[in-house]
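Trainee: Here you go, one structure.
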Amino acid sequence: MAAETYHYLFGPVSSRRLGRSLGVDIVPMKTCTQNCLYCQLGRDAELTLERKVYVPTEAVLDEVQRRIGEGLQADYITFSGSGETTLHSELGAMLDGVKALTDIPTAVITNGTLLFRPDVRRDCAKADVVMPSLDAGDEATFQRLNKPHPDLDFQTFVEGLRQFRDEYAGHIWLEVFFCAGINTDDDNIRNIGRLVETIRPDKIQLNTAVRPTTDAGAVLVPLAHLQEIARKLHPKAEIIADFGRHTAVPSRQIRESDIIDIIGRHPCSLEDICKGLSADPDQIRPLIESLLRAGNITAETRNGKDYFKTA
């Protein structure tokens with residue numbers, strides 16, 4: 001009998017930040033509060049601030065329970081994926097449900113723009129790790145780089161991050177995504193550093209456009225420059241390392257659909273796919289070639305490396 005399809009789960013994938021992570025995707029593709037220049041999912045997000053039940057909570061938890069029953073090996077169960085996770089109004093109930101099923105820690109990846117809302121802070125506080133973003137040091141850069149919903153402003157966003165830190169006893173890992181020529185000037189670095197001091201995250205993780213993006217304006221910051229930015233920004237600042245913290249060998253056969261599940265969320269290299277599936281390149285290459293021939297995926301070269309994404 002064919003394996004049952006997962007509609008809301010992907011992975012586990014190897015994450016630069018979380019090791020082996022089972023992804024839980026709970027909002028429709030590109031449903032977000034922002035339309036970031038560096039987004040890998042397309043140019044035009046359906047911008048909204050409306051929290052609602054985008055996908056059924058019980059169906060998500062049923063899939064998590066089934067995946068655990070199959071022998072899930074993961075470092076985290078991570079709510080992330082196709083849009084802004086905190087837009088789902090039952091995020092807190094899902095986190096409670098996952099904790100009732102397993103001791104695997106939970107994480108929420110969010111752009112942080114809704115943390116000014118008490119209900120969003122209460123929901124996120126149920127996670128073991130919350131991973132918000134702060135890419136700008138001022139309103140003008142926020143508008144240019146993150147392109148938020150018209151009703152969002154920079155000061156309210158930053159105040160939400162501060163309030164969450166005051167209320168939340170868990171880990172906050174703040175991501176700062178740099179695009180060359182947009183937020184890499186000294187003023188932005190200085191301003192971001194000052195804001196970080198008031199937000200008090202446990203980690204400050206710097207990123208840049210290594211993978212293909214849909215907007216040519218999102219230009220990669222070379223490693224040497226990013227290292228210089230890290231030194232200027234904050235003593236805690238670290239450049240996010242590549243994949244490969246943990247590995248686990250699966251007991252099931254790798255299928256083309258497994259590859260689609262991984263690259264459907266963001267472009268991945270052969271190495272990314274192999275680590276996400278704990279598979280050997282010789283297992284993955286024929287499947288990739290088959291998917292390319294069928295037109296189900298495409299390849300794009302970035303910085304000398306091929307990245308694969310759904311067609």
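Here's how to read the names in the structure tokens: chain A, B, ... by the order shown, residue numbers from 1 in each chain, ligand numbers from 1 in the order shown.
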How close does segment 58-140 of chain A get to segment 174-179 of chain A? List, as a Markdown table, each residue of segment 58-140 of chain A within 10 Å, its nearest atom pair and the distance in Å to one decimal, counting only C-alpha atoms.

Mentor:
| residue | atom | partner | partner_atom | distance |
| --- | --- | --- | --- | --- |
| A:Ile109 | CA | A:Glu175 | CA | 9.7 |
| A:Thr110 | CA | A:Glu175 | CA | 9.8 |
| A:Asn111 | CA | A:Glu175 | CA | 9.0 |
| A:Gly112 | CA | A:Leu174 | CA | 9.5 |
| A:Val130 | CA | A:Leu174 | CA | 8.3 |
| A:Met131 | CA | A:Leu174 | CA | 5.6 |
| A:Pro132 | CA | A:Leu174 | CA | 5.3 |
| A:Ser133 | CA | A:Glu175 | CA | 4.7 |
| A:Leu134 | CA | A:Val176 | CA | 5.2 |
| A:Asp135 | CA | A:Val176 | CA | 4.8 |
| A:Ala136 | CA | A:Val176 | CA | 8.1 |

Trainee: Can you pull out the residues contacting Pro105 of chain A? Cut-off 8 Å, using only C-alpha atoms, and skip same-chain residues under 3 positions away; I want them as a PyMOL selection string.

Mentor: chain A and resi 75-77+99+127-128

Trainee: Would you export the selected residues with N, CA and C atoms as a CSV table (one decimal), in the first residue's frame, please?

Mentor:
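Generated file (part.csv):
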chain,number,residue,atom,x,y,z
A,75,ASP,N,15.7,16.8,16.3
A,75,ASP,CA,16.1,17.6,17.4
A,75,ASP,C,15.1,18.6,17.8
A,76,TYR,N,14.2,19.0,16.8
A,76,TYR,CA,13.2,20.0,17.0
A,76,TYR,C,12.0,19.7,16.1
A,77,ILE,N,10.8,20.0,16.6
A,77,ILE,CA,9.6,20.2,15.8
A,77,ILE,C,9.4,21.6,15.6
A,99,LYS,N,3.4,19.1,22.5
A,99,LYS,CA,4.0,18.7,23.8
A,99,LYS,C,3.4,17.6,24.5
A,127,ALA,N,6.5,27.7,23.1
A,127,ALA,CA,7.6,27.0,22.4
A,127,ALA,C,8.8,27.1,23.2
A,128,ASP,N,9.7,26.1,23.0
A,128,ASP,CA,11.0,26.1,23.7
A,128,ASP,C,12.0,27.1,23.1

Trainee: Go through A:Leu287, A:Ala216, A:Val120, A:Leu233 and flag the residue nearest Asp187 of chain A, using only C-alpha atoms for the distances.

Mentor: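 For Asp187 of chain A, the nearest of the candidates is A:Leu233.
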
Trainee: Quick one: of A:Val13, A:Leu61, A:Cys124, A:Ile182, who's nearest to Thr102 of chain A, counting only C-alpha atoms?

Mentor: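 Residue with the minimum atom-to-atom distance to Thr102 of chain A: A:Leu61.
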
Trainee: Do a neighbour search on Gly264 of chain A at 9 Å with only C-alpha atoms, toss out local chain neighbours closer than 2 positions, and write the hits as a ChimeraX atom specification.

Mentor: /A:41,82,259-262,266-267,309-310

Trainee: Can I get the selection written as an mmCIF file, in the first residue's frame, with N, CA and C atoms?

Mentor:
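In the end it all went to out.cif:
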data_model
loop_
_atom_site.group_PDB
_atom_site.id
_atom_site.type_symbol
_atom_site.label_atom_id
_atom_site.label_comp_id
_atom_site.auth_asym_id
_atom_site.auth_seq_id
_atom_site.Cartn_x
_atom_site.Cartn_y
_atom_site.Cartn_z
ATOM 1 N N LEU A 41 10.237 32.395 -1.755
ATOM 2 C CA LEU A 41 8.977 31.764 -2.148
ATOM 3 C C LEU A 41 8.224 32.529 -3.233
ATOM 4 N N SER A 82 5.652 28.114 4.739
ATOM 5 C CA SER A 82 5.221 28.841 3.545
ATOM 6 C C SER A 82 4.791 30.280 3.793
ATOM 7 N N ILE A 259 11.937 14.487 -1.860
ATOM 8 C CA ILE A 259 12.737 15.609 -2.348
ATOM 9 C C ILE A 259 11.847 16.821 -2.606
ATOM 10 N N ILE A 260 10.691 16.578 -3.218
ATOM 11 C CA ILE A 260 9.740 17.666 -3.479
ATOM 12 C C ILE A 260 9.334 18.340 -2.174
ATOM 13 N N ASP A 261 9.098 17.535 -1.119
ATOM 14 C CA ASP A 261 8.697 18.091 0.176
ATOM 15 C C ASP A 261 9.733 19.074 0.702
ATOM 16 N N ILE A 262 11.012 18.745 0.526
ATOM 17 C CA ILE A 262 12.073 19.598 1.056
ATOM 18 C C ILE A 262 12.246 20.858 0.219
ATOM 19 N N HIS A 266 11.940 25.849 0.150
ATOM 20 C CA HIS A 266 12.977 26.778 -0.287
ATOM 21 C C HIS A 266 13.968 26.028 -1.153
ATOM 22 N N PRO A 267 14.693 26.705 -2.030
ATOM 23 C CA PRO A 267 15.667 26.028 -2.890
ATOM 24 C C PRO A 267 16.745 25.333 -2.064
ATOM 25 N N LYS A 309 14.631 23.715 -7.135
ATOM 26 C CA LYS A 309 13.349 24.191 -6.605
ATOM 27 C C LYS A 309 12.225 23.642 -7.450
ATOM 28 N N THR A 310 11.032 23.642 -6.926
ATOM 29 C CA THR A 310 9.894 23.116 -7.659
ATOM 30 C C THR A 310 9.591 24.004 -8.852
#

Trainee: Using only C-alpha atoms, which of the listed residues (A:Thr86, A:Thr141, A:Ser290, A:Gln40) sits closest to Glu256 of chain A?

Mentor: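 With only C-alpha atoms as the atom set, the closest residue is A:Ser290.
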
Trainee: Tell me, in Å to one decimal, how far atom CA of Val219 of chain A is from atom CA of Leu47 of chain A.

Mentor: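 Taking atom CA of Val219 of chain A and atom CA of Leu47 of chain A, their separation equals 23.4 Å.
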
Trainee: Separation of atom CA of Cys32 of chain A and atom CA of Glu50 of chain A, in Å?

Mentor: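 Computing the Euclidean distance for atom CA of Cys32 of chain A and atom CA of Glu50 of chain A yields 9.7 Å.
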
Trainee: Return the single residue from A:Ile284, A:Pro235, A:Ala74, A:Arg293 that is closest to Asp272 of chain A, with distances computed using only C-alpha atoms.

Mentor: A:Ile284

Trainee: Nearest residue to Tyr38 of chain A out of A:Asn207, A:Asn296, A:Thr5, A:Thr198, using only C-alpha atoms?

Mentor: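 So, comparing all the options, the nearest one is A:Asn207.
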
Trainee: So which one's closest to Phe10 of chain A, A:Gly71, A:Gly81, A:Gly137, A:Pro201? Using only C-alpha atoms, please.

Mentor: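 Ranked by minimum distance to Phe10 of chain A, first place goes to A:Gly81.
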